[in-house]
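File shown: data39.txt. Contents: compact mmCIF, N, CA and C atoms and all ligand atoms.
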```txt
# COMPACT_ATOMS: atom_id res chain seq x y z
N MET F 8 163.78 -56.01 -71.06
CA MET F 8 164.76 -56.48 -70.07
C MET F 8 165.61 -55.30 -69.60
N GLU F 9 165.65 -55.13 -68.30
CA GLU F 9 166.47 -54.03 -67.75
C GLU F 9 167.52 -54.60 -66.80
N PHE F 10 168.55 -53.85 -66.70
CA PHE F 10 169.64 -54.32 -65.85
C PHE F 10 169.90 -53.34 -64.72
N CYS F 11 170.38 -53.89 -63.67
CA CYS F 11 170.68 -53.09 -62.48
C CYS F 11 171.84 -52.13 -62.79
N PRO F 12 171.63 -50.81 -62.51
CA PRO F 12 172.70 -49.84 -62.79
C PRO F 12 173.88 -49.98 -61.81
N LYS F 13 173.69 -50.72 -60.74
CA LYS F 13 174.74 -50.84 -59.74
C LYS F 13 175.64 -52.04 -60.03
N CYS F 14 174.95 -53.19 -60.28
CA CYS F 14 175.75 -54.39 -60.42
C CYS F 14 175.59 -55.08 -61.77
N GLY F 15 174.67 -54.56 -62.58
CA GLY F 15 174.52 -55.10 -63.92
C GLY F 15 173.72 -56.38 -64.00
N LYS F 16 173.15 -56.79 -62.87
CA LYS F 16 172.35 -58.00 -62.88
C LYS F 16 170.96 -57.70 -63.45
N THR F 17 170.32 -58.73 -63.93
CA THR F 17 168.99 -58.56 -64.49
C THR F 17 168.00 -58.17 -63.38
N LEU F 18 167.22 -57.15 -63.72
CA LEU F 18 166.20 -56.73 -62.76
C LEU F 18 164.94 -57.58 -62.94
N THR F 19 164.41 -58.01 -61.85
CA THR F 19 163.24 -58.88 -61.89
C THR F 19 162.01 -58.11 -61.39
N PRO F 20 160.96 -58.08 -62.18
CA PRO F 20 159.76 -57.40 -61.68
C PRO F 20 159.13 -58.16 -60.52
N SER F 21 158.79 -57.41 -59.51
CA SER F 21 158.10 -58.03 -58.37
C SER F 21 157.24 -56.99 -57.66
N ARG F 22 156.32 -57.51 -56.96
CA ARG F 22 155.40 -56.61 -56.27
C ARG F 22 156.02 -56.12 -54.98
N VAL F 23 156.14 -54.80 -54.88
CA VAL F 23 156.69 -54.22 -53.67
C VAL F 23 155.73 -53.14 -53.18
N GLY F 24 155.18 -53.37 -52.04
CA GLY F 24 154.28 -52.37 -51.44
C GLY F 24 153.14 -51.99 -52.34
N GLY F 25 152.59 -52.96 -53.03
CA GLY F 25 151.43 -52.70 -53.86
C GLY F 25 151.79 -52.20 -55.24
N LYS F 26 153.08 -51.95 -55.48
CA LYS F 26 153.49 -51.51 -56.81
C LYS F 26 154.40 -52.55 -57.44
N THR F 27 154.40 -52.57 -58.73
CA THR F 27 155.31 -53.47 -59.42
C THR F 27 156.65 -52.76 -59.61
N MET F 28 157.70 -53.33 -59.04
CA MET F 28 159.03 -52.73 -59.11
C MET F 28 159.98 -53.69 -59.81
N LEU F 29 160.98 -53.09 -60.42
CA LEU F 29 162.06 -53.93 -60.95
C LEU F 29 163.10 -54.04 -59.84
N VAL F 30 163.35 -55.24 -59.43
CA VAL F 30 164.20 -55.46 -58.27
C VAL F 30 165.44 -56.26 -58.67
N CYS F 31 166.54 -55.77 -58.23
CA CYS F 31 167.76 -56.53 -58.41
C CYS F 31 167.88 -57.52 -57.27
N LYS F 32 167.97 -58.78 -57.59
CA LYS F 32 167.98 -59.79 -56.55
C LYS F 32 169.38 -59.94 -55.92
N LYS F 33 170.32 -59.27 -56.54
CA LYS F 33 171.67 -59.40 -56.01
C LYS F 33 171.97 -58.32 -54.97
N CYS F 34 171.71 -57.05 -55.39
CA CYS F 34 172.07 -55.96 -54.48
C CYS F 34 170.87 -55.29 -53.82
N GLY F 35 169.71 -55.63 -54.28
CA GLY F 35 168.52 -55.06 -53.66
C GLY F 35 168.06 -53.75 -54.28
N TYR F 36 168.65 -53.40 -55.40
CA TYR F 36 168.23 -52.16 -56.06
C TYR F 36 166.79 -52.30 -56.55
N GLN F 37 166.07 -51.21 -56.43
CA GLN F 37 164.67 -51.21 -56.88
C GLN F 37 164.40 -49.97 -57.71
N LYS F 38 163.65 -50.18 -58.76
CA LYS F 38 163.15 -49.02 -59.50
C LYS F 38 161.74 -49.33 -59.99
N PRO F 39 160.93 -48.30 -60.05
CA PRO F 39 159.54 -48.55 -60.48
C PRO F 39 159.50 -49.05 -61.92
N LEU F 40 158.67 -49.98 -62.12
CA LEU F 40 158.50 -50.52 -63.46
C LEU F 40 157.80 -49.48 -64.32
N GLU F 41 158.48 -49.11 -65.36
CA GLU F 41 157.86 -48.11 -66.24
C GLU F 41 156.77 -48.76 -67.08
N GLY F 42 155.82 -47.96 -67.36
CA GLY F 42 154.73 -48.46 -68.19
C GLY F 42 153.78 -49.38 -67.45
N GLU F 43 153.87 -49.28 -66.13
CA GLU F 43 152.95 -50.10 -65.36
C GLU F 43 151.52 -49.66 -65.63
N LYS F 44 150.77 -50.64 -65.89
CA LYS F 44 149.39 -50.31 -66.21
C LYS F 44 148.64 -49.84 -64.97
N LEU F 45 148.13 -48.71 -65.15
CA LEU F 45 147.31 -48.19 -64.07
C LEU F 45 145.86 -48.59 -64.33
N VAL F 46 145.45 -49.44 -63.46
CA VAL F 46 144.08 -49.91 -63.63
C VAL F 46 143.16 -48.99 -62.85
N ILE F 47 142.53 -48.20 -63.62
CA ILE F 47 141.61 -47.25 -63.00
C ILE F 47 140.19 -47.80 -63.11
N LYS F 48 139.70 -48.06 -61.99
CA LYS F 48 138.34 -48.59 -62.01
C LYS F 48 137.35 -47.45 -62.13
N LEU F 49 136.77 -47.46 -63.25
CA LEU F 49 135.76 -46.45 -63.49
C LEU F 49 134.40 -47.03 -63.15
N GLU F 50 133.90 -46.45 -62.12
CA GLU F 50 132.58 -46.92 -61.73
C GLU F 50 131.55 -46.38 -62.71
N LYS F 51 131.00 -47.30 -63.35
CA LYS F 51 129.98 -46.89 -64.31
C LYS F 51 128.74 -46.41 -63.58
N GLU F 52 128.39 -45.24 -63.98
CA GLU F 52 127.17 -44.72 -63.40
C GLU F 52 125.98 -45.41 -64.02
N ASN F 53 125.34 -46.11 -63.20
CA ASN F 53 124.21 -46.87 -63.70
C ASN F 53 122.96 -46.01 -63.70
N VAL F 54 122.92 -45.22 -64.72
CA VAL F 54 121.77 -44.32 -64.81
C VAL F 54 120.63 -45.05 -65.52
N VAL F 55 119.71 -45.42 -64.73
CA VAL F 55 118.56 -46.12 -65.30
C VAL F 55 117.40 -45.15 -65.36
N SER F 56 117.13 -44.77 -66.56
CA SER F 56 115.98 -43.90 -66.72
C SER F 56 114.75 -44.77 -66.91
N LYS F 57 114.06 -44.85 -65.85
CA LYS F 57 112.90 -45.73 -65.88
C LYS F 57 111.79 -45.15 -66.74
N ASN F 58 111.39 -45.97 -67.62
CA ASN F 58 110.28 -45.57 -68.47
C ASN F 58 108.99 -45.89 -67.75
N VAL F 59 108.61 -44.94 -66.98
CA VAL F 59 107.38 -45.16 -66.21
C VAL F 59 106.19 -44.91 -67.12
N ALA F 60 105.64 -45.98 -67.51
CA ALA F 60 104.47 -45.87 -68.36
C ALA F 60 103.28 -45.43 -67.53
N ALA F 61 102.86 -44.27 -67.89
CA ALA F 61 101.72 -43.72 -67.15
C ALA F 61 100.44 -44.38 -67.64
N ILE F 62 99.96 -45.20 -66.77
CA ILE F 62 98.73 -45.89 -67.13
C ILE F 62 97.56 -45.04 -66.67
N VAL F 63 96.97 -44.47 -67.65
CA VAL F 63 95.83 -43.61 -67.35
C VAL F 63 94.56 -44.37 -67.67
N GLU F 64 93.94 -44.73 -66.62
CA GLU F 64 92.68 -45.44 -66.83
C GLU F 64 91.55 -44.44 -66.87
N ALA F 65 90.82 -44.57 -67.90
CA ALA F 65 89.67 -43.70 -68.05
C ALA F 65 88.65 -44.06 -66.96
N GLU F 66 88.71 -43.26 -65.95
CA GLU F 66 87.85 -43.57 -64.83
C GLU F 66 86.43 -43.13 -65.14
N GLU F 67 85.57 -44.04 -65.00
CA GLU F 67 84.19 -43.74 -65.31
C GLU F 67 83.59 -42.87 -64.21
N ALA F 68 82.93 -41.87 -64.67
CA ALA F 68 82.31 -40.95 -63.72
C ALA F 68 81.27 -41.71 -62.90
N PRO F 69 81.19 -41.36 -61.62
CA PRO F 69 80.19 -42.03 -60.78
C PRO F 69 78.78 -41.62 -61.17
N LEU F 70 78.22 -42.39 -62.04
CA LEU F 70 76.88 -42.07 -62.52
C LEU F 70 75.84 -42.88 -61.76
N PRO F 71 74.68 -42.27 -61.59
CA PRO F 71 73.59 -43.02 -60.94
C PRO F 71 73.07 -44.10 -61.89
N THR F 72 72.52 -45.12 -61.30
CA THR F 72 71.95 -46.18 -62.13
C THR F 72 70.45 -46.23 -61.92
N THR F 73 69.81 -46.71 -62.93
CA THR F 73 68.36 -46.86 -62.84
C THR F 73 67.97 -48.24 -63.34
N SER F 74 66.92 -48.76 -62.77
CA SER F 74 66.44 -50.08 -63.22
C SER F 74 65.08 -49.94 -63.90
N ASP F 75 64.78 -48.68 -64.27
CA ASP F 75 63.50 -48.43 -64.93
C ASP F 75 63.59 -48.54 -66.44
N VAL F 76 64.73 -48.86 -66.92
CA VAL F 76 64.89 -48.91 -68.38
C VAL F 76 65.27 -50.33 -68.79
N VAL F 77 65.09 -50.57 -70.04
CA VAL F 77 65.50 -51.85 -70.61
C VAL F 77 66.44 -51.56 -71.76
N CYS F 78 67.59 -52.17 -71.72
CA CYS F 78 68.58 -51.95 -72.78
C CYS F 78 68.02 -52.46 -74.10
N PRO F 79 67.99 -51.58 -75.11
CA PRO F 79 67.46 -52.01 -76.41
C PRO F 79 68.36 -53.03 -77.10
N GLN F 80 69.54 -53.20 -76.61
CA GLN F 80 70.46 -54.12 -77.27
C GLN F 80 70.45 -55.50 -76.65
N CYS F 81 70.53 -55.54 -75.29
CA CYS F 81 70.63 -56.85 -74.66
C CYS F 81 69.48 -57.16 -73.73
N GLY F 82 68.61 -56.16 -73.48
CA GLY F 82 67.46 -56.41 -72.66
C GLY F 82 67.71 -56.31 -71.17
N HIS F 83 68.93 -55.95 -70.78
CA HIS F 83 69.24 -55.80 -69.37
C HIS F 83 68.49 -54.60 -68.82
N ASN F 84 68.08 -54.70 -67.55
CA ASN F 84 67.23 -53.64 -67.02
C ASN F 84 67.95 -52.76 -66.01
N GLU F 85 69.22 -52.61 -66.18
CA GLU F 85 69.93 -51.67 -65.32
C GLU F 85 70.91 -50.87 -66.17
N ALA F 86 70.80 -49.55 -66.03
CA ALA F 86 71.66 -48.70 -66.85
C ALA F 86 72.05 -47.47 -66.07
N LYS F 87 73.23 -47.00 -66.38
CA LYS F 87 73.65 -45.72 -65.81
C LYS F 87 73.00 -44.63 -66.64
N TRP F 88 72.77 -43.51 -66.01
CA TRP F 88 72.10 -42.45 -66.76
C TRP F 88 72.67 -41.10 -66.39
N TRP F 89 72.59 -40.22 -67.34
CA TRP F 89 72.99 -38.83 -67.13
C TRP F 89 72.24 -37.98 -68.13
N THR F 90 72.19 -36.72 -67.84
CA THR F 90 71.44 -35.82 -68.72
C THR F 90 72.39 -34.78 -69.32
N VAL F 91 72.09 -34.43 -70.52
CA VAL F 91 72.90 -33.43 -71.22
C VAL F 91 71.97 -32.39 -71.81
N GLN F 92 72.33 -31.15 -71.52
CA GLN F 92 71.58 -30.05 -72.14
C GLN F 92 72.11 -29.90 -73.56
N THR F 93 71.33 -30.37 -74.50
CA THR F 93 71.84 -30.43 -75.86
C THR F 93 71.87 -29.09 -76.57
N ARG F 94 70.74 -28.49 -76.67
CA ARG F 94 70.71 -27.27 -77.48
C ARG F 94 70.60 -26.02 -76.61
N SER F 95 69.45 -25.51 -76.47
CA SER F 95 69.30 -24.30 -75.66
C SER F 95 68.66 -24.64 -74.33
N ALA F 96 68.72 -23.70 -73.39
CA ALA F 96 68.30 -23.97 -72.03
C ALA F 96 66.81 -24.23 -71.90
N ASP F 97 66.03 -23.71 -72.82
CA ASP F 97 64.59 -23.90 -72.69
C ASP F 97 64.12 -25.21 -73.32
N GLU F 98 65.03 -25.89 -73.93
CA GLU F 98 64.65 -27.19 -74.49
C GLU F 98 64.90 -28.28 -73.45
N PRO F 99 64.17 -29.33 -73.56
CA PRO F 99 64.32 -30.38 -72.56
C PRO F 99 65.68 -31.04 -72.62
N MET F 100 66.06 -31.53 -71.46
CA MET F 100 67.34 -32.22 -71.34
C MET F 100 67.25 -33.57 -72.06
N THR F 101 68.34 -33.94 -72.61
CA THR F 101 68.41 -35.27 -73.22
C THR F 101 68.97 -36.23 -72.19
N GLN F 102 68.24 -37.27 -71.97
CA GLN F 102 68.68 -38.24 -70.98
C GLN F 102 69.39 -39.40 -71.68
N PHE F 103 70.57 -39.66 -71.22
CA PHE F 103 71.35 -40.76 -71.78
C PHE F 103 71.35 -41.95 -70.83
N PHE F 104 71.37 -43.11 -71.42
CA PHE F 104 71.48 -44.33 -70.63
C PHE F 104 72.63 -45.16 -71.18
N ARG F 105 73.30 -45.81 -70.26
CA ARG F 105 74.33 -46.75 -70.71
C ARG F 105 74.15 -48.05 -69.94
N CYS F 106 73.89 -49.07 -70.71
CA CYS F 106 73.65 -50.38 -70.13
C CYS F 106 74.89 -50.83 -69.33
N VAL F 107 74.66 -51.27 -68.10
CA VAL F 107 75.77 -51.70 -67.26
C VAL F 107 76.27 -53.08 -67.67
N LYS F 108 75.46 -53.75 -68.48
CA LYS F 108 75.84 -55.10 -68.88
C LYS F 108 76.65 -55.11 -70.17
N CYS F 109 76.10 -54.45 -71.20
CA CYS F 109 76.78 -54.52 -72.49
C CYS F 109 77.43 -53.19 -72.89
N GLY F 110 77.15 -52.13 -72.11
CA GLY F 110 77.79 -50.86 -72.41
C GLY F 110 77.10 -50.07 -73.50
N HIS F 111 76.00 -50.59 -73.99
CA HIS F 111 75.27 -49.88 -75.04
C HIS F 111 74.74 -48.56 -74.48
N THR F 112 74.90 -47.53 -75.27
CA THR F 112 74.45 -46.21 -74.86
C THR F 112 73.36 -45.73 -75.78
N TRP F 113 72.33 -45.26 -75.17
CA TRP F 113 71.25 -44.70 -75.96
C TRP F 113 70.68 -43.52 -75.23
N ARG F 114 69.82 -42.80 -75.90
CA ARG F 114 69.27 -41.60 -75.26
C ARG F 114 67.77 -41.54 -75.43
N GLU F 115 67.20 -40.87 -74.49
CA GLU F 115 65.76 -40.66 -74.52
C GLU F 115 65.50 -39.20 -74.24
N TYR F 116 64.54 -38.68 -74.92
CA TYR F 116 64.20 -37.30 -74.67
C TYR F 116 63.20 -37.24 -73.55
N ALA F 117 63.52 -36.41 -72.58
CA ALA F 117 62.65 -36.31 -71.41
C ALA F 117 61.35 -35.62 -71.75
ZN ZN S 201 172.00 -54.87 -58.39
ZN ZN S 202 72.75 -53.93 -72.75
```
Rewrite the structure from the file as structure tokens, please.
Ligand SMILES: [Zn+2]
Ligand SMILES: [Zn+2]
Amino acid sequence: MEFCPKCGKTLTPSRVGGKTMLVCKKCGYQKPLEGEKLVIKLEKENVVSKNVAAIVEAEEAPLPTTSDVVCPQCGHNEAKWWTVQTRSADEPMTQFFRCVKCGHTWREYA
């Protein structure tokens, strides 16, 4: 409780020009209210670190297909094929097949 230094009347807090002032209702004396809470709006920085999950799909190499083979596992007659030089250059290439139906992989020596 504060009193007006001019007339001794009780000062009443009231909003004056956006600030809270202690105002004497008798003589019009005004003084800033001490300890007025300063509301500081802190804008929270919304830092969203997106966890971008890198979805790496194992892209299958564009392999040629052949229908001259029969899958030893499921009997399907279409398979992708590729050749791999296994040992030395003068040895025959190893031909691999992968069934397009069941994914079974097998090899045949050329
Ligand atoms: Zn006063
Ligand atoms: Zn198969």
Which chains and residue numbers are within 5 Å of ligand ZN 202 (chain S), counting only N, CA and C atoms and all ligand atoms, if I want them as a list in words?
Cys78, Gln80, Cys81, Gly82, His83, Cys106, Lys108, Cys109, Gly110 and His111 of chain F
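Atom C of Ser95 of chain F lies 28.5 Å from atom C of Pro79 of chain F.
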How would you write, as a PyMOL selection string, the set of residues no farther than 12 Å from ligand ZN 201 (chain S) when counting only C-alpha atoms and all ligand atoms?
chain F and resi 9-19+29-38
Include N, CA and C atoms and write out the residues we just selected as a short mmCIF file (atom, residue, chain, number, x, y, z; two decimals), in the coordinates of the input.
```cif
data_model
loop_
_atom_site.label_atom_id
_atom_site.label_comp_id
_atom_site.auth_asym_id
_atom_site.auth_seq_id
_atom_site.Cartn_x
_atom_site.Cartn_y
_atom_site.Cartn_z
N GLU F 9 165.65 -55.13 -68.30
CA GLU F 9 166.47 -54.03 -67.75
C GLU F 9 167.52 -54.60 -66.80
N PHE F 10 168.55 -53.85 -66.70
CA PHE F 10 169.64 -54.32 -65.85
C PHE F 10 169.90 -53.34 -64.72
N CYS F 11 170.38 -53.89 -63.67
CA CYS F 11 170.68 -53.09 -62.48
C CYS F 11 171.84 -52.13 -62.79
N PRO F 12 171.63 -50.81 -62.51
CA PRO F 12 172.70 -49.84 -62.79
C PRO F 12 173.88 -49.98 -61.81
N LYS F 13 173.69 -50.72 -60.74
CA LYS F 13 174.74 -50.84 -59.74
C LYS F 13 175.64 -52.04 -60.03
N CYS F 14 174.95 -53.19 -60.28
CA CYS F 14 175.75 -54.39 -60.42
C CYS F 14 175.59 -55.08 -61.77
N GLY F 15 174.67 -54.56 -62.58
CA GLY F 15 174.52 -55.10 -63.92
C GLY F 15 173.72 -56.38 -64.00
N LYS F 16 173.15 -56.79 -62.87
CA LYS F 16 172.35 -58.00 -62.88
C LYS F 16 170.96 -57.70 -63.45
N THR F 17 170.32 -58.73 -63.93
CA THR F 17 168.99 -58.56 -64.49
C THR F 17 168.00 -58.17 -63.38
N LEU F 18 167.22 -57.15 -63.72
CA LEU F 18 166.20 -56.73 -62.76
C LEU F 18 164.94 -57.58 -62.94
N THR F 19 164.41 -58.01 -61.85
CA THR F 19 163.24 -58.88 -61.89
C THR F 19 162.01 -58.11 -61.39
N LEU F 29 160.98 -53.09 -60.42
CA LEU F 29 162.06 -53.93 -60.95
C LEU F 29 163.10 -54.04 -59.84
N VAL F 30 163.35 -55.24 -59.43
CA VAL F 30 164.20 -55.46 -58.27
C VAL F 30 165.44 -56.26 -58.67
N CYS F 31 166.54 -55.77 -58.23
CA CYS F 31 167.76 -56.53 -58.41
C CYS F 31 167.88 -57.52 -57.27
N LYS F 32 167.97 -58.78 -57.59
CA LYS F 32 167.98 -59.79 -56.55
C LYS F 32 169.38 -59.94 -55.92
N LYS F 33 170.32 -59.27 -56.54
CA LYS F 33 171.67 -59.40 -56.01
C LYS F 33 171.97 -58.32 -54.97
N CYS F 34 171.71 -57.05 -55.39
CA CYS F 34 172.07 -55.96 -54.48
C CYS F 34 170.87 -55.29 -53.82
N GLY F 35 169.71 -55.63 -54.28
CA GLY F 35 168.52 -55.06 -53.66
C GLY F 35 168.06 -53.75 -54.28
N TYR F 36 168.65 -53.40 -55.40
CA TYR F 36 168.23 -52.16 -56.06
C TYR F 36 166.79 -52.30 -56.55
N GLN F 37 166.07 -51.21 -56.43
CA GLN F 37 164.67 -51.21 -56.88
C GLN F 37 164.40 -49.97 -57.71
N LYS F 38 163.65 -50.18 -58.76
CA LYS F 38 163.15 -49.02 -59.50
C LYS F 38 161.74 -49.33 -59.99
#
```
Test item: which residues lie within 7 Å of (71.7, -47.0, -71.9) counting only N, CA and C atoms, as a PDB file with N, CA and C atoms, keeping the file's coordinate frame:
```pdb
ATOM      1  N   VAL F  77      65.090 -50.570 -70.040  1.00  0.00           N
ATOM      2  CA  VAL F  77      65.500 -51.850 -70.610  1.00  0.00           C
ATOM      3  C   VAL F  77      66.440 -51.560 -71.760  1.00  0.00           C
ATOM      4  N   CYS F  78      67.590 -52.170 -71.720  1.00  0.00           N
ATOM      5  CA  CYS F  78      68.580 -51.950 -72.780  1.00  0.00           C
ATOM      6  C   CYS F  78      68.020 -52.460 -74.100  1.00  0.00           C
ATOM      7  N   PRO F  79      67.990 -51.580 -75.110  1.00  0.00           N
ATOM      8  CA  PRO F  79      67.460 -52.010 -76.410  1.00  0.00           C
ATOM      9  C   PRO F  79      68.360 -53.030 -77.100  1.00  0.00           C
ATOM     10  N   GLU F  85      69.220 -52.610 -66.180  1.00  0.00           N
ATOM     11  CA  GLU F  85      69.930 -51.670 -65.320  1.00  0.00           C
ATOM     12  C   GLU F  85      70.910 -50.870 -66.170  1.00  0.00           C
ATOM     13  N   ALA F  86      70.800 -49.550 -66.030  1.00  0.00           N
ATOM     14  CA  ALA F  86      71.660 -48.700 -66.850  1.00  0.00           C
ATOM     15  C   ALA F  86      72.050 -47.470 -66.070  1.00  0.00           C
ATOM     16  N   LYS F  87      73.230 -47.000 -66.380  1.00  0.00           N
ATOM     17  CA  LYS F  87      73.650 -45.720 -65.810  1.00  0.00           C
ATOM     18  C   LYS F  87      73.000 -44.630 -66.640  1.00  0.00           C
ATOM     19  N   TRP F  88      72.770 -43.510 -66.010  1.00  0.00           N
ATOM     20  CA  TRP F  88      72.100 -42.450 -66.760  1.00  0.00           C
ATOM     21  C   TRP F  88      72.670 -41.100 -66.390  1.00  0.00           C
ATOM     22  N   PHE F 103      70.570 -39.660 -71.220  1.00  0.00           N
ATOM     23  CA  PHE F 103      71.350 -40.760 -71.780  1.00  0.00           C
ATOM     24  C   PHE F 103      71.350 -41.950 -70.830  1.00  0.00           C
ATOM     25  N   PHE F 104      71.370 -43.110 -71.420  1.00  0.00           N
ATOM     26  CA  PHE F 104      71.480 -44.330 -70.630  1.00  0.00           C
ATOM     27  C   PHE F 104      72.630 -45.160 -71.180  1.00  0.00           C
ATOM     28  N   ARG F 105      73.300 -45.810 -70.260  1.00  0.00           N
ATOM     29  CA  ARG F 105      74.330 -46.750 -70.710  1.00  0.00           C
ATOM     30  C   ARG F 105      74.150 -48.050 -69.940  1.00  0.00           C
ATOM     31  N   CYS F 106      73.890 -49.070 -70.710  1.00  0.00           N
ATOM     32  CA  CYS F 106      73.650 -50.380 -70.130  1.00  0.00           C
ATOM     33  C   CYS F 106      74.890 -50.830 -69.330  1.00  0.00           C
ATOM     34  N   VAL F 107      74.660 -51.270 -68.100  1.00  0.00           N
ATOM     35  CA  VAL F 107      75.770 -51.700 -67.260  1.00  0.00           C
ATOM     36  C   VAL F 107      76.270 -53.080 -67.670  1.00  0.00           C
ATOM     37  N   GLY F 110      77.150 -52.130 -72.110  1.00  0.00           N
ATOM     38  CA  GLY F 110      77.790 -50.860 -72.410  1.00  0.00           C
ATOM     39  C   GLY F 110      77.100 -50.070 -73.500  1.00  0.00           C
ATOM     40  N   HIS F 111      76.000 -50.590 -73.990  1.00  0.00           N
ATOM     41  CA  HIS F 111      75.270 -49.880 -75.040  1.00  0.00           C
ATOM     42  C   HIS F 111      74.740 -48.560 -74.480  1.00  0.00           C
ATOM     43  N   THR F 112      74.900 -47.530 -75.270  1.00  0.00           N
ATOM     44  CA  THR F 112      74.450 -46.210 -74.860  1.00  0.00           C
ATOM     45  C   THR F 112      73.360 -45.730 -75.780  1.00  0.00           C
ATOM     46  N   TRP F 113      72.330 -45.260 -75.170  1.00  0.00           N
ATOM     47  CA  TRP F 113      71.250 -44.700 -75.960  1.00  0.00           C
ATOM     48  C   TRP F 113      70.680 -43.520 -75.230  1.00  0.00           C
ATOM     49  N   ARG F 114      69.820 -42.800 -75.900  1.00  0.00           N
ATOM     50  CA  ARG F 114      69.270 -41.600 -75.260  1.00  0.00           C
ATOM     51  C   ARG F 114      67.770 -41.540 -75.430  1.00  0.00           C
TER      52      ARG F 114
END
```
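Atom C of Met8 of chain F is positioned 19.3 Å from atom C of Val23 of chain F.
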